[in-house]
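**Q** Mind having a look at this structure? Questions to follow.
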There are 2 protein chains.
Amino acid sequence: MTFDKNTNILIVGLGVIGGGYAAALTRAGFSVSAITKDRETVDYALRHGLVRYATTEIDEDLIKNANFIIFALYPTVFIEWVEKYQHLFSPGTLITDVTGVKGSVVDRVQSFLRYDVEFIAHHPMAGRERSGVEYSDPEVFVGANLIITPTEKNTREAVEVIRELGKILGFLRITELSAKEHDEMIAFLSQLTHCIAVCLMTCKEDENLVAYTGDSFRDLTRIAKINEKMWSELFLMNKDALLAEMNRFIEEFNGMKNMIEADDRTALMEKMKYSAEKRALFDKPKKRD
Amino acid sequence: MTFDKNTNILIVGLGVIGGGYAAALTRAGFSVSAITKDRETVDYALRHGLVRYATTEIDEDLIKNANFIIFALYPTVFIEWVEKYQHLFSPGTLITDVTGVKGSVVDRVQSFLRYDVEFIAHHPMAGRERSGVEYSDPEVFVGANLIITPTEKNTREAVEVIRELGKILGFLRITELSAKEHDEMIAFLSQLTHCIAVCLMTCKEDENLVAYTGDSFRDLTRIAKINEKMWSELFLMNKDALLAEMNRFIEEFNGMKNMIEADDRTALMEKMKYSAEKRALFDKPKKRD
């Protein structure tokens, strides 16, 4: 497949990510259509010009006509969808997904996929703490990171299509990892942080907290406004890697507790100094609100 | 003391908080002078019109002439300063501080303070992860929370002055707590969150993290860019309360780990749902950059 303005792009699942992809690609002059679950989402997407066409139906002609299909569904729903409807793909179609775990998705889908269709997985490291097309925003991808997780079954051309897609969406760093490396990275950077935010939010009952909070607590719990259906699925699909990162964090946290218990100000200051230096590397190049 | 446009306000310590107070009060039409450690800070403050006058000297006339003195120093430095120079205060002067721990500060200062000077403590729940007057910004207080920690030695008038100060600076919720309640609250909302951010930042060595990070990790580690001198002091001055909150968090975090280990999706979803509902209450009324 070549990826240009003649490519018929189909997005399956117009949630906050699918909707953002649709908006950005349409704005860039591509022809984008969509299949999504709810009628209201279709109406919203058409009303706001996110796509040229959208439907809640498994529209056979639409699927056949697509050269490039982007699945923005929950991992389990994505796998089921492909199993059920892959007979509708045209030969040579390239499919990709945006799901946040890869180890239990990529091999699985590639193992049952038709030989004349290619699946290349990627993960946009951006999003919103809200779900639904009405929160989608093509700007969240600008300056963000994108990870492609090719396997030995993938062609170089497919990787290049995703790189091109990433550039169009405005991603800054586009990198390749194995599914296993990706899942370890995500367990640390994304899943562990969500676990921490949720626990911080739920561990103390005090109705006055709101009146006393500062920005630190707000920052650390922004992602505690979590989509429980999606994240519980992601956590359990990446259980081993996540548990390893949770244990790593607990060990570090207990180490810091020991310093405080021992009144070891020197060790505390050293640790904080290292933390501050390291954090400076993570500032985002582009400012966002 | 009455607090109006005739009040001579002296700010001791033009850091990121002292500088912000100075800027906001000057902008509101008050007469503000300052004593601060470094010559460059004085120059900056005068050049940017944050104060009408500033000096690095212990200027006796300036101190005598002040009706209202705001100390924006590290807790230990504040205590030493008052011990050393309180003979320079005029009778009837009101002094306040902005330090982030109160239990080991308020009683201590009130115990040795002259009978004819009143010390009322408060804590602005706002700040920047950077230090220094050049990062000060009067806007950080707008919409934020302010806690006053009066004791039985304080007058109602002094509390009202701090309330008035808070309103001028733009704080949204102004509340009163005992020093002990304040320190417990701060241990949870501010100190625990800083411990978490630091540990998240330091627990994994991987030079590629930057290339793969998303906003979640950035959000949870923003405050890991920490001033090690100030925060190690604050942690150790509030050690018991902080350790209690660290233990509370570890217990909750281990509970979540158990749910994941047990593949208990129902319990995970329930916890996340509760987290999301609770977090919705914490959104800040006013939008900031």
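Following the order of the structure tokens, chains are lettered A, B, ..., residues in each are numbered from 1, and ligands are numbered from 1.
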Within 7 Å of chain B, which residues belong to chain A? Use only C-alpha atoms and report them as an MDAnalysis selection string.

**A** chainID A and resid 125:126 144:145 173 189:190 193 198:203 210:220 223:226 228:229 232 236 239 243 248:249 252:253 257 260 263 265 268:269 272:273 275:276 279:280 282 289

**Q** Residues as selected, N, CA and C atoms, written as a short mmCIF file (atom, residue, chain, number, x, y, z; two decimals), in the first residue's frame, can you do that?

**A**
```
data_model
loop_
_atom_site.label_atom_id
_atom_site.label_comp_id
_atom_site.auth_asym_id
_atom_site.auth_seq_id
_atom_site.Cartn_x
_atom_site.Cartn_y
_atom_site.Cartn_z
N MET A 125 1.40 8.08 22.22
CA MET A 125 1.55 8.37 23.66
C MET A 125 0.93 9.73 23.98
N ALA A 126 -0.35 9.81 23.78
CA ALA A 126 -1.07 11.05 24.05
C ALA A 126 -2.52 10.69 24.24
N ALA A 144 4.00 15.08 20.82
CA ALA A 144 3.98 13.87 21.64
C ALA A 144 4.84 12.76 21.02
N ASN A 145 4.91 11.65 21.72
CA ASN A 145 5.71 10.51 21.26
C ASN A 145 4.84 9.43 20.66
N ARG A 173 8.62 12.53 18.39
CA ARG A 173 9.56 11.41 18.37
C ARG A 173 8.80 10.16 17.96
N LEU A 189 5.69 3.92 32.48
CA LEU A 189 5.36 5.32 32.21
C LEU A 189 3.87 5.62 32.32
N SER A 190 3.06 4.66 31.96
CA SER A 190 1.63 4.95 31.86
C SER A 190 0.80 4.20 32.90
N THR A 193 1.79 4.97 36.63
CA THR A 193 1.36 6.32 37.00
C THR A 193 -0.15 6.37 37.24
N VAL A 198 -4.67 6.77 41.05
CA VAL A 198 -5.91 6.22 41.60
C VAL A 198 -5.78 6.00 43.11
N CYS A 199 -4.66 5.43 43.53
CA CYS A 199 -4.48 5.15 44.96
C CYS A 199 -4.40 6.44 45.78
N LEU A 200 -3.74 7.44 45.23
CA LEU A 200 -3.66 8.73 45.90
C LEU A 200 -5.06 9.32 46.06
N MET A 201 -5.87 9.12 45.05
CA MET A 201 -7.23 9.67 45.07
C MET A 201 -8.14 8.94 46.05
N THR A 202 -7.91 7.64 46.22
CA THR A 202 -8.86 6.85 47.02
C THR A 202 -8.39 6.56 48.44
N CYS A 203 -7.13 6.87 48.78
CA CYS A 203 -6.60 6.35 50.05
C CYS A 203 -6.99 7.15 51.27
N VAL A 210 -10.70 18.99 49.30
CA VAL A 210 -10.86 19.91 48.17
C VAL A 210 -10.51 21.35 48.57
N ALA A 211 -10.91 21.72 49.77
CA ALA A 211 -10.70 23.10 50.21
C ALA A 211 -9.24 23.40 50.50
N TYR A 212 -8.45 22.37 50.67
CA TYR A 212 -7.06 22.60 51.07
C TYR A 212 -6.06 22.23 49.99
N THR A 213 -6.54 21.70 48.90
CA THR A 213 -5.58 21.17 47.94
C THR A 213 -4.82 22.26 47.19
N GLY A 214 -3.61 21.91 46.77
CA GLY A 214 -2.80 22.77 45.91
C GLY A 214 -2.63 22.09 44.57
N ASP A 215 -1.78 22.67 43.73
CA ASP A 215 -1.62 22.13 42.38
C ASP A 215 -0.89 20.78 42.36
N SER A 216 -0.06 20.50 43.36
CA SER A 216 0.67 19.23 43.36
C SER A 216 -0.30 18.06 43.35
N PHE A 217 -1.24 18.09 44.28
CA PHE A 217 -2.20 17.00 44.36
C PHE A 217 -3.06 16.95 43.10
N ARG A 218 -3.42 18.10 42.58
CA ARG A 218 -4.21 18.12 41.34
C ARG A 218 -3.43 17.48 40.19
N ASP A 219 -2.16 17.82 40.08
CA ASP A 219 -1.32 17.26 39.00
C ASP A 219 -1.22 15.75 39.13
N LEU A 220 -0.96 15.28 40.34
CA LEU A 220 -0.72 13.85 40.51
C LEU A 220 -1.99 13.02 40.38
N ILE A 223 -4.97 12.13 36.15
CA ILE A 223 -5.31 10.90 35.44
C ILE A 223 -6.09 9.91 36.32
N ALA A 224 -6.41 10.33 37.56
CA ALA A 224 -7.26 9.48 38.40
C ALA A 224 -8.71 9.53 37.90
N LYS A 225 -8.99 10.49 37.04
CA LYS A 225 -10.29 10.54 36.35
C LYS A 225 -10.20 9.54 35.21
N ILE A 226 -10.34 8.30 35.56
CA ILE A 226 -9.92 7.20 34.70
C ILE A 226 -11.13 6.48 34.11
N GLU A 228 -12.67 3.32 33.68
CA GLU A 228 -12.41 2.06 34.41
C GLU A 228 -12.49 0.83 33.51
N LYS A 229 -13.31 0.92 32.47
CA LYS A 229 -13.47 -0.25 31.61
C LYS A 229 -12.19 -0.47 30.80
N SER A 232 -8.86 -1.12 33.30
CA SER A 232 -8.79 -2.42 33.98
C SER A 232 -8.40 -3.49 32.96
N LEU A 236 -4.81 -5.67 33.23
CA LEU A 236 -4.79 -7.13 33.35
C LEU A 236 -4.14 -7.78 32.13
N LYS A 239 -0.38 -7.56 32.97
CA LYS A 239 -0.25 -7.82 34.40
C LYS A 239 1.20 -8.01 34.89
N LEU A 243 3.02 -5.42 37.43
CA LEU A 243 3.37 -5.81 38.81
C LEU A 243 4.85 -5.58 39.08
N ARG A 248 8.92 -2.26 41.83
CA ARG A 248 10.07 -1.36 41.73
C ARG A 248 9.78 -0.04 42.46
N PHE A 249 8.58 0.48 42.21
CA PHE A 249 8.22 1.75 42.84
C PHE A 249 8.14 1.62 44.37
N GLU A 252 11.54 1.72 45.98
CA GLU A 252 12.11 3.07 46.01
C GLU A 252 11.43 3.92 47.08
N PHE A 253 10.12 3.79 47.14
CA PHE A 253 9.33 4.59 48.08
C PHE A 253 9.68 4.21 49.52
N LYS A 257 11.25 6.44 52.59
CA LYS A 257 10.65 6.42 53.94
C LYS A 257 11.73 6.17 54.99
N ILE A 260 13.67 9.29 55.75
CA ILE A 260 12.93 10.23 56.59
C ILE A 260 12.91 9.72 58.03
N ASP A 263 16.04 10.48 59.78
CA ASP A 263 16.43 11.90 59.75
C ASP A 263 17.68 12.12 58.89
N ARG A 265 19.07 13.76 56.33
CA ARG A 265 18.83 14.89 55.44
C ARG A 265 19.78 14.87 54.24
N LEU A 268 18.44 12.46 51.69
CA LEU A 268 17.22 13.04 51.10
C LEU A 268 17.56 14.11 50.08
N MET A 269 18.50 14.98 50.46
CA MET A 269 18.86 16.08 49.56
C MET A 269 19.52 15.55 48.28
N MET A 272 16.80 14.15 46.08
CA MET A 272 15.98 15.21 45.48
C MET A 272 16.75 15.95 44.39
N LYS A 273 18.03 16.14 44.62
CA LYS A 273 18.85 16.83 43.65
C LYS A 273 18.90 16.01 42.35
N SER A 275 16.72 13.81 41.41
CA SER A 275 15.37 13.85 40.85
C SER A 275 15.15 15.12 40.02
N ALA A 276 15.55 16.25 40.57
CA ALA A 276 15.33 17.53 39.90
C ALA A 276 16.13 17.60 38.59
N ARG A 279 14.48 15.23 36.07
CA ARG A 279 13.19 15.71 35.60
C ARG A 279 13.32 16.79 34.53
N ALA A 280 14.39 17.57 34.63
CA ALA A 280 14.58 18.66 33.67
C ALA A 280 14.62 18.15 32.23
N PHE A 282 12.71 15.99 30.96
CA PHE A 282 11.40 15.54 30.50
C PHE A 282 10.47 16.67 30.09
N ASP A 289 -1.64 23.71 26.95
CA ASP A 289 -2.31 24.28 28.13
C ASP A 289 -2.41 23.27 29.23
#
```

**Q** Would you mind aligning chain A to chain B, a least-squares fit over all C-alpha atoms taken in order, and returning the superposed chain as a compact mmCIF listing (two decimals) with C-alpha atoms, in the first residue's frame?

**A**
```
# COMPACT_ATOMS: atom_id res chain seq x y z
CA MET A 1 -3.22 46.90 63.40
CA THR A 2 -5.61 47.96 60.70
CA PHE A 3 -4.84 46.82 57.17
CA ASP A 4 -5.35 49.41 54.50
CA LYS A 5 -3.48 51.46 51.94
CA ASN A 6 -1.63 53.28 54.73
CA THR A 7 -0.16 50.04 56.05
CA ASN A 8 3.58 49.77 55.58
CA ILE A 9 4.15 46.22 54.41
CA LEU A 10 7.59 44.66 54.70
CA ILE A 11 8.33 41.35 53.02
CA VAL A 12 11.35 39.43 54.29
CA GLY A 13 12.60 36.99 51.67
CA LEU A 14 11.91 37.71 48.00
CA GLY A 15 11.81 34.19 46.65
CA VAL A 16 9.16 32.78 44.39
CA ILE A 17 6.44 33.28 47.02
CA GLY A 18 7.68 36.52 48.59
CA GLY A 19 8.17 37.98 45.12
CA GLY A 20 4.67 36.98 44.07
CA TYR A 21 3.16 38.57 47.20
CA ALA A 22 5.17 41.74 46.58
CA ALA A 23 4.06 42.01 42.97
CA ALA A 24 0.38 41.41 43.79
CA LEU A 25 0.31 43.84 46.72
CA THR A 26 2.18 46.56 44.83
CA ARG A 27 -0.18 46.13 41.89
CA ALA A 28 -3.12 46.49 44.30
CA GLY A 29 -1.76 49.87 45.41
CA PHE A 30 -0.06 48.98 48.70
CA SER A 31 3.29 50.28 49.85
CA VAL A 32 5.64 47.29 49.90
CA SER A 33 9.30 47.17 50.82
CA ALA A 34 11.54 44.16 51.18
CA ILE A 35 14.61 42.73 52.86
CA THR A 36 16.23 39.88 51.03
CA LYS A 37 19.54 38.01 50.93
CA ASP A 38 20.96 38.69 47.50
CA ARG A 39 21.84 41.88 45.72
CA GLU A 40 20.59 40.47 42.38
CA THR A 41 17.17 39.86 43.89
CA VAL A 42 16.98 43.46 45.09
CA ASP A 43 17.95 44.69 41.63
CA TYR A 44 15.42 42.44 39.95
CA ALA A 45 12.60 43.47 42.30
CA LEU A 46 13.30 47.19 41.82
CA ARG A 47 13.75 46.88 38.07
CA HIS A 48 10.42 45.08 37.73
CA GLY A 49 8.59 47.37 40.13
CA LEU A 50 7.69 44.59 42.57
CA VAL A 51 8.46 46.84 45.56
CA ARG A 52 8.98 50.53 46.24
CA TYR A 53 12.21 49.79 48.13
CA ALA A 54 14.41 46.77 48.81
CA THR A 55 17.67 46.11 50.57
CA THR A 56 19.98 43.28 51.61
CA GLU A 57 20.63 45.07 54.93
CA ILE A 58 18.89 44.61 58.27
CA ASP A 59 17.60 48.16 57.90
CA GLU A 60 16.46 49.19 61.38
CA ASP A 61 14.31 52.10 60.26
CA LEU A 62 12.59 49.99 57.62
CA ILE A 63 11.72 47.32 60.18
CA LYS A 64 10.59 49.85 62.79
CA ASN A 65 8.42 51.58 60.25
CA ALA A 66 6.63 48.39 59.15
CA ASN A 67 3.16 47.62 60.54
CA PHE A 68 2.81 44.29 58.83
CA ILE A 69 5.74 41.97 58.12
CA ILE A 70 5.40 38.92 55.89
CA PHE A 71 8.17 36.34 56.24
CA ALA A 72 8.71 34.22 53.14
CA LEU A 73 11.73 32.29 54.37
CA TYR A 74 12.57 28.66 55.10
CA PRO A 75 11.06 27.63 58.45
CA THR A 76 14.37 27.43 60.34
CA VAL A 77 15.61 30.70 58.86
CA PHE A 78 12.35 32.39 59.80
CA ILE A 79 12.57 31.24 63.42
CA GLU A 80 16.20 32.38 63.71
CA TRP A 81 15.45 35.74 62.10
CA VAL A 82 12.68 36.58 64.56
CA GLU A 83 14.76 35.45 67.55
CA LYS A 84 17.65 37.61 66.43
CA TYR A 85 15.90 40.79 65.28
CA GLN A 86 12.56 40.99 67.09
CA HIS A 87 13.88 43.85 69.23
CA LEU A 88 13.64 45.96 66.06
CA PHE A 89 9.87 45.52 65.63
CA SER A 90 7.62 48.41 66.63
CA PRO A 91 4.94 47.71 69.25
CA GLY A 92 1.70 46.57 67.61
CA THR A 93 3.38 45.09 64.56
CA LEU A 94 1.67 42.06 63.04
CA ILE A 95 3.93 39.37 61.60
CA THR A 96 3.01 36.38 59.49
CA ASP A 97 4.80 33.60 57.63
CA VAL A 98 4.13 31.46 54.59
CA THR A 99 6.03 28.33 55.61
CA GLY A 100 4.69 24.93 54.68
CA VAL A 101 4.85 23.37 58.16
CA LYS A 102 3.22 24.92 61.18
CA GLY A 103 3.41 22.55 64.16
CA SER A 104 7.08 23.10 64.80
CA VAL A 105 6.98 26.79 63.88
CA VAL A 106 3.91 28.50 65.32
CA ASP A 107 4.14 27.50 68.98
CA ARG A 108 7.88 27.99 68.92
CA VAL A 109 7.73 31.55 67.60
CA GLN A 110 4.76 32.54 69.74
CA SER A 111 6.57 31.23 72.81
CA PHE A 112 9.54 33.57 72.51
CA LEU A 113 7.91 36.51 70.70
CA ARG A 114 7.59 39.90 72.41
CA TYR A 115 4.22 40.35 74.11
CA ASP A 116 3.47 43.53 72.10
CA VAL A 117 3.87 41.91 68.68
CA GLU A 118 1.46 39.33 67.22
CA PHE A 119 2.39 36.38 65.03
CA ILE A 120 -0.37 34.85 62.92
CA ALA A 121 0.64 31.98 60.62
CA HIS A 122 -0.75 31.17 57.19
CA HIS A 123 0.08 28.94 54.25
CA PRO A 124 -0.66 29.79 50.61
CA MET A 125 -1.41 26.52 48.78
CA ALA A 126 0.21 27.62 45.57
CA GLY A 127 3.66 27.90 44.20
CA ARG A 128 6.01 27.04 41.45
CA GLU A 129 8.37 24.13 41.06
CA ARG A 130 11.12 26.71 40.50
CA SER A 131 12.67 28.94 43.11
CA GLY A 132 13.83 32.53 42.91
CA VAL A 133 12.21 35.90 42.42
CA GLU A 134 12.48 35.64 38.64
CA TYR A 135 9.89 32.83 38.70
CA SER A 136 7.51 34.70 40.97
CA ASP A 137 4.08 35.35 39.53
CA PRO A 138 1.18 37.08 41.29
CA GLU A 139 -1.24 35.01 39.21
CA VAL A 140 -0.41 31.68 40.89
CA PHE A 141 -2.51 32.65 43.91
CA VAL A 142 -5.65 33.38 41.92
CA GLY A 143 -8.20 30.64 42.53
CA ALA A 144 -5.91 28.77 44.94
CA ASN A 145 -6.50 27.81 48.56
CA LEU A 146 -5.16 29.57 51.64
CA ILE A 147 -4.99 28.10 55.14
CA ILE A 148 -4.70 30.24 58.27
CA THR A 149 -3.52 28.48 61.44
CA PRO A 150 -4.45 30.67 64.41
CA THR A 151 -3.78 29.64 68.00
CA GLU A 152 -5.51 30.74 71.21
CA LYS A 153 -2.88 33.48 71.44
CA ASN A 154 -4.15 35.13 68.26
CA THR A 155 -6.68 37.91 68.00
CA ARG A 156 -9.67 37.83 65.67
CA GLU A 157 -8.33 41.02 64.09
CA ALA A 158 -5.14 39.28 63.01
CA VAL A 159 -7.11 36.48 61.37
CA GLU A 160 -9.14 39.10 59.52
CA VAL A 161 -5.98 40.80 58.25
CA ILE A 162 -4.82 37.52 56.72
CA ARG A 163 -8.27 36.94 55.23
CA GLU A 164 -8.09 40.39 53.69
CA LEU A 165 -4.56 39.71 52.42
CA GLY A 166 -5.79 36.45 50.91
CA LYS A 167 -8.63 38.20 49.10
CA ILE A 168 -6.29 40.84 47.68
CA LEU A 169 -4.00 38.10 46.38
CA GLY A 170 -6.97 36.39 44.73
CA PHE A 171 -7.20 33.21 46.84
CA LEU A 172 -10.53 31.48 46.40
CA ARG A 173 -11.02 29.39 49.56
CA ILE A 174 -9.65 30.84 52.78
CA THR A 175 -9.98 28.47 55.72
CA GLU A 176 -8.73 28.04 59.27
CA LEU A 177 -7.12 24.95 60.74
CA SER A 178 -5.12 24.19 63.85
CA ALA A 179 -1.39 23.79 63.21
CA LYS A 180 -1.75 20.04 63.79
CA GLU A 181 -4.65 19.67 61.34
CA HIS A 182 -2.76 21.78 58.83
CA ASP A 183 0.35 19.62 59.07
CA GLU A 184 -1.65 16.41 58.61
CA MET A 185 -3.39 17.87 55.58
CA ILE A 186 -0.12 19.10 54.11
CA ALA A 187 1.58 15.77 54.80
CA PHE A 188 -1.03 14.16 52.57
CA LEU A 189 -1.74 16.74 49.88
CA SER A 190 1.69 18.22 49.43
CA GLN A 191 4.50 16.24 51.05
CA LEU A 192 3.29 12.76 50.11
CA THR A 193 2.79 13.89 46.52
CA HIS A 194 6.34 15.25 46.41
CA CYS A 195 7.69 11.95 47.79
CA ILE A 196 5.79 10.04 45.11
CA ALA A 197 6.99 12.32 42.33
CA VAL A 198 10.61 12.05 43.43
CA CYS A 199 10.49 8.26 43.72
CA LEU A 200 8.82 7.91 40.34
CA MET A 201 11.56 10.07 38.87
CA THR A 202 14.46 8.20 40.46
CA CYS A 203 13.31 4.56 40.54
CA LYS A 204 14.09 3.53 36.98
CA GLU A 205 17.30 4.02 35.09
CA ASP A 206 16.62 4.11 31.38
CA GLU A 207 18.03 6.86 29.25
CA ASN A 208 15.32 6.26 26.64
CA LEU A 209 12.43 7.14 28.94
CA VAL A 210 12.33 10.68 27.61
CA ALA A 211 11.66 9.46 24.08
CA TYR A 212 8.72 7.35 25.17
CA THR A 213 7.05 9.42 27.80
CA GLY A 214 3.49 10.71 27.63
CA ASP A 215 1.73 13.42 29.59
CA SER A 216 0.82 11.12 32.51
CA PHE A 217 4.42 10.66 33.56
CA ARG A 218 5.13 14.35 32.97
CA ASP A 219 2.19 15.35 35.18
CA LEU A 220 3.12 13.01 38.01
CA THR A 221 6.72 14.20 38.03
CA ARG A 222 6.32 17.95 37.46
CA ILE A 223 6.99 18.53 41.17
CA ALA A 224 9.98 16.16 41.09
CA LYS A 225 11.88 19.27 40.01
CA ILE A 226 12.20 19.93 43.68
CA ASN A 227 14.16 22.42 45.80
CA GLU A 228 16.08 19.89 47.90
CA LYS A 229 17.08 22.30 50.63
CA MET A 230 13.59 23.51 51.39
CA TRP A 231 11.73 20.24 50.99
CA SER A 232 14.12 18.10 53.03
CA GLU A 233 13.64 20.64 55.83
CA LEU A 234 9.85 20.57 55.46
CA PHE A 235 9.75 16.75 55.40
CA LEU A 236 11.84 16.32 58.53
CA MET A 237 9.98 19.07 60.40
CA ASN A 238 6.76 17.18 59.72
CA LYS A 239 8.19 13.70 59.94
CA ASP A 240 5.50 11.88 61.95
CA ALA A 241 2.56 13.11 59.92
CA LEU A 242 4.38 12.45 56.65
CA LEU A 243 5.35 8.90 57.61
CA ALA A 244 1.73 8.18 58.54
CA GLU A 245 0.56 9.34 55.11
CA MET A 246 3.30 7.38 53.34
CA ASN A 247 2.12 4.26 55.15
CA ARG A 248 -1.48 4.98 54.24
CA PHE A 249 -0.52 5.25 50.58
CA ILE A 250 1.58 2.07 50.60
CA GLU A 251 -1.34 0.14 52.06
CA GLU A 252 -3.70 1.34 49.34
CA PHE A 253 -1.13 0.70 46.63
CA ASN A 254 -0.53 -2.85 47.86
CA GLY A 255 -4.30 -3.39 47.86
CA MET A 256 -4.43 -2.44 44.19
CA LYS A 257 -1.46 -4.71 43.46
CA ASN A 258 -3.36 -7.59 45.01
CA MET A 259 -6.36 -6.94 42.75
CA ILE A 260 -4.11 -7.06 39.69
CA GLU A 261 -2.34 -10.20 40.91
CA ALA A 262 -5.73 -11.86 41.47
CA ASP A 263 -7.05 -10.74 38.03
CA ASP A 264 -9.94 -9.16 39.92
CA ARG A 265 -11.29 -6.92 37.19
CA THR A 266 -14.52 -6.17 39.05
CA ALA A 267 -12.68 -4.80 42.07
CA LEU A 268 -10.31 -2.82 39.83
CA MET A 269 -13.18 -1.28 37.91
CA GLU A 270 -15.01 -0.38 41.11
CA LYS A 271 -11.93 1.29 42.49
CA MET A 272 -11.30 3.22 39.27
CA LYS A 273 -14.90 4.31 39.04
CA TYR A 274 -14.76 5.66 42.58
CA SER A 275 -11.46 7.38 41.80
CA ALA A 276 -12.86 9.07 38.70
CA GLU A 277 -15.97 10.30 40.53
CA LYS A 278 -13.93 11.62 43.42
CA ARG A 279 -11.40 13.33 41.18
CA ALA A 280 -14.11 15.28 39.39
CA LEU A 281 -14.59 17.31 42.58
CA PHE A 282 -11.00 18.56 42.47
CA ASP A 283 -11.05 20.41 39.18
CA LYS A 284 -9.92 23.95 39.67
CA PRO A 285 -12.60 26.59 39.16
CA LYS A 286 -10.28 28.91 37.28
CA LYS A 287 -8.28 27.71 34.28
CA ARG A 288 -4.52 28.14 34.41
CA ASP A 289 -1.92 27.19 31.84
```

**Q** Could you write out, as JSON, numbers by chain, all the residues of segment 15-196 of chain B that DSSP marks as strand (DSSP E)?

**A** {"B": [31, 32, 33, 34, 35, 53, 54, 55, 68, 69, 70, 71, 94, 95, 96, 97, 118, 119, 120, 121, 122, 123, 124, 125, 145, 146, 147, 148, 149, 173, 174, 175, 176]}

**Q** Output the selection as a compact mmCIF listing (two decimals), in the first residue's frame - N, CA and C atoms for each residue.

**A**
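Written output follows (again25.txt):
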```txt
# COMPACT_ATOMS: atom_id res chain seq x y z
N SER B 31 1.86 49.88 49.79
CA SER B 31 3.26 50.27 49.87
C SER B 31 4.06 49.08 50.42
N VAL B 32 4.89 48.51 49.56
CA VAL B 32 5.61 47.29 49.92
C VAL B 32 7.11 47.52 49.84
N SER B 33 7.82 47.19 50.92
CA SER B 33 9.28 47.18 50.85
C SER B 33 9.76 45.77 51.20
N ALA B 34 11.05 45.53 51.02
CA ALA B 34 11.53 44.16 51.22
C ALA B 34 12.96 44.11 51.72
N ILE B 35 13.22 43.10 52.51
CA ILE B 35 14.59 42.75 52.88
C ILE B 35 14.83 41.36 52.32
N TYR B 53 10.82 49.73 47.63
CA TYR B 53 12.18 49.80 48.17
C TYR B 53 12.61 48.40 48.58
N ALA B 54 13.88 48.09 48.39
CA ALA B 54 14.39 46.79 48.85
C ALA B 54 15.85 46.92 49.22
N THR B 55 16.27 46.07 50.15
CA THR B 55 17.65 46.13 50.62
C THR B 55 18.11 44.75 51.08
N PHE B 68 3.18 45.63 59.20
CA PHE B 68 2.79 44.26 58.83
C PHE B 68 3.98 43.63 58.12
N ILE B 69 4.53 42.59 58.70
CA ILE B 69 5.72 41.96 58.12
C ILE B 69 5.39 40.53 57.69
N ILE B 70 5.66 40.24 56.43
CA ILE B 70 5.39 38.91 55.88
C ILE B 70 6.73 38.21 55.67
N PHE B 71 6.93 37.10 56.37
CA PHE B 71 8.17 36.34 56.22
C PHE B 71 7.99 35.22 55.20
N LEU B 94 2.17 43.38 63.28
CA LEU B 94 1.65 42.03 63.02
C LEU B 94 2.63 41.32 62.11
N ILE B 95 3.03 40.11 62.48
CA ILE B 95 3.92 39.36 61.58
C ILE B 95 3.24 38.06 61.16
N THR B 96 3.54 37.64 59.97
CA THR B 96 3.00 36.38 59.46
C THR B 96 4.08 35.64 58.68
N ASP B 97 3.84 34.37 58.40
CA ASP B 97 4.81 33.60 57.62
C ASP B 97 4.06 32.79 56.57
N GLU B 118 2.23 40.52 67.42
CA GLU B 118 1.42 39.31 67.21
C GLU B 118 1.92 38.54 65.99
N PHE B 119 2.00 37.22 66.15
CA PHE B 119 2.37 36.36 65.02
C PHE B 119 1.17 35.49 64.63
N ILE B 120 0.72 35.66 63.42
CA ILE B 120 -0.38 34.83 62.89
C ILE B 120 0.17 34.08 61.66
N ALA B 121 0.03 32.77 61.67
CA ALA B 121 0.65 31.97 60.60
C ALA B 121 -0.36 31.67 59.48
N HIS B 122 0.14 31.60 58.27
CA HIS B 122 -0.73 31.15 57.17
C HIS B 122 0.10 30.41 56.14
N HIS B 123 -0.59 29.72 55.24
CA HIS B 123 0.10 28.93 54.22
C HIS B 123 -0.64 29.05 52.89
N PRO B 124 -0.02 29.70 51.90
CA PRO B 124 -0.64 29.79 50.58
C PRO B 124 -0.42 28.46 49.83
N MET B 125 -1.50 27.82 49.42
CA MET B 125 -1.38 26.52 48.75
C MET B 125 -1.16 26.72 47.25
N ASN B 145 -5.97 27.91 47.15
CA ASN B 145 -6.46 27.81 48.53
C ASN B 145 -5.46 28.42 49.51
N LEU B 146 -5.99 28.99 50.57
CA LEU B 146 -5.13 29.56 51.61
C LEU B 146 -5.59 29.05 52.96
N ILE B 147 -4.63 28.61 53.77
CA ILE B 147 -4.97 28.10 55.11
C ILE B 147 -4.35 29.00 56.17
N ILE B 148 -5.17 29.44 57.10
CA ILE B 148 -4.69 30.23 58.24
C ILE B 148 -4.66 29.30 59.44
N THR B 149 -3.59 29.37 60.26
CA THR B 149 -3.51 28.48 61.42
C THR B 149 -3.38 29.28 62.70
N ARG B 173 -10.48 29.92 48.25
CA ARG B 173 -10.98 29.38 49.51
C ARG B 173 -10.00 29.73 50.62
N ILE B 174 -10.48 30.43 51.61
CA ILE B 174 -9.63 30.82 52.73
C ILE B 174 -10.20 30.15 53.98
N THR B 175 -9.43 29.26 54.57
CA THR B 175 -9.95 28.45 55.68
C THR B 175 -9.01 28.50 56.87
N GLU B 176 -9.53 28.04 58.02
CA GLU B 176 -8.72 28.02 59.24
C GLU B 176 -8.58 26.60 59.74
```

**Q** Going by DSSP on the backbone, which bits of segment 39-214 of chain A are alpha helix (DSSP H)? Write them as a PyMOL selection string, please.

**A** chain A and resi 39-47+60-65+75-85+106-112+156-169+179-186+193-202+209-212
